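One structure below.
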Amino acid sequence: MEFWTFFAAKPLMWLIVTIATFIVTSWLNRRLGGTPLLHPVLVSLFLIIVFLLLTGTSYETYFEGAQFIHFLLGPATVALAVPLFDHFERVKKLLLPLLLACMAGAVTAAASALLVAQALDASLGTLLSIAPKSVTSAIAIGVAEKLGGYPSLASGLVLITGALGCILAPPIYHILNVTDEAVKGFTLGVSAHGMGTAFAFEYGLMAGAFGGLAMGMTGAFTAFMLPLLVPLLGIG
């Protein structure tokens, strides 16, 4: 017990736990055919939460080690520009349709979530937390906090949205006969942020590139759009 107390207090312990968990869940996902139902991020999150609860470890202690991976989130996001640069000519040709699709998707995602939650008599805090559910966590947390919502709830809803996007996208592409990698990637980036972008790379580099573009565009547009949309819907 004394050994565990000593070891658990070391940041390296939680860094190893995080990396090892993701490696195992990624391997499991590949063995099961890459099913989005067992997305590595979602399964890793669940397993780590259970492990922290069983060991009585606080999030602050865990994050002392996990912060090293968290730091890499910025460079990893910037690195998405590399495949995007390779397909820059196509992006230029489709710039106007992409902008319109991004704005339509962002407004629809936020407005539909708000209206459904409002119809279900959700509290004001919940409404303001659910509004930025379709953008990446860093932006969603900041927007929710600015609107007066709950950042932790917003972060959880972002993960659920990303997982659902990855689950629903393949059958929708099949039903609508969508074969263009750019379309697949862009729709995943708009609707399922970072998790959708990571999933888009499974379709190819072009899909991943357009997913990264959509994620960035949607996040930036949503940050400016939501403070205007929420009052228009009579919320607040």
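Simple scheme: letters A, B, ... for chains in structure tokens order, numbers from 1 for residues in each chain, numbers from 1 for ligands in the order shown.
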
**OP:** Can you pull out every residue within 8 Å of segment 37-46 of chain A, counting only C-alpha atoms, but drop anything in the same chain fewer than 5 positions away, and send it as a ChimeraX atom specification?
**Re:** /A:18,21-22,25-26,29,159,163,167,195

Original post:
Suppose you want the space between atom CA of Thr161 of chain A and atom CA of Gly194 of chain A; what is it in Å?
Top reply: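 It comes out at 10.5 Å.
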
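Of note, atom CA of Thr136 of chain A and atom CA of His193 of chain A are spaced 5.2 Å apart.
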
**OP:** Have a look at atom CA of Thr218 of chain A and atom CA of Gly196 of chain A and let me know their distance in Å, one decimal.
**Re:**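 Atom-to-atom, atom CA of Thr218 of chain A to atom CA of Gly196 of chain A, that is 12.6 Å.
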
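For the choices A:Ala111, A:Val178, A:Pro171, A:Gly211, the atom-to-atom distance to Leu232 of chain A is smallest for A:Ala111 when using only C-alpha atoms.
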
Original post:
Skipping near chain neighbours, those fewer than 3 positions away, what residues fall within 6 Å of Tyr62 of chain A using only C-alpha atoms, listed as number ranges by chain?
Top reply: A: 14, 59, 65

**OP:** as JSON, numbers by chain, list the residues of segment 74-219 of chain A assigned to alpha helix (DSSP H) by DSSP on the backbone atoms of this structure.
**Re:** {"A": [74, 75, 76, 77, 78, 79, 81, 82, 83, 84, 85, 86, 88, 89, 90, 91, 92, 93, 95, 96, 97, 98, 99, 100, 101, 102, 103, 104, 105, 106, 107, 108, 109, 110, 111, 112, 113, 114, 115, 116, 117, 118, 119, 124, 125, 126, 127, 128, 129, 130, 137, 138, 139, 140, 141, 142, 143, 144, 145, 146, 147, 151, 152, 153, 154, 155, 156, 157, 158, 159, 160, 161, 162, 163, 164, 165, 166, 167, 168, 169, 170, 171, 172, 173, 174, 175, 176, 181, 182, 183, 184, 185, 186, 187, 188, 189, 190, 191, 192, 193, 194, 195, 196, 197, 198, 199, 200, 205, 206, 207, 208, 209, 210, 211, 212, 213, 214, 215, 216, 217, 218, 219]}

**OP:** Skip Gln118 of chain A itself and residues of its chain fewer than 2 positions away, then list as a count of residues only all residues within 12 Å of it, counting only C-alpha atoms.
**Re:** 22
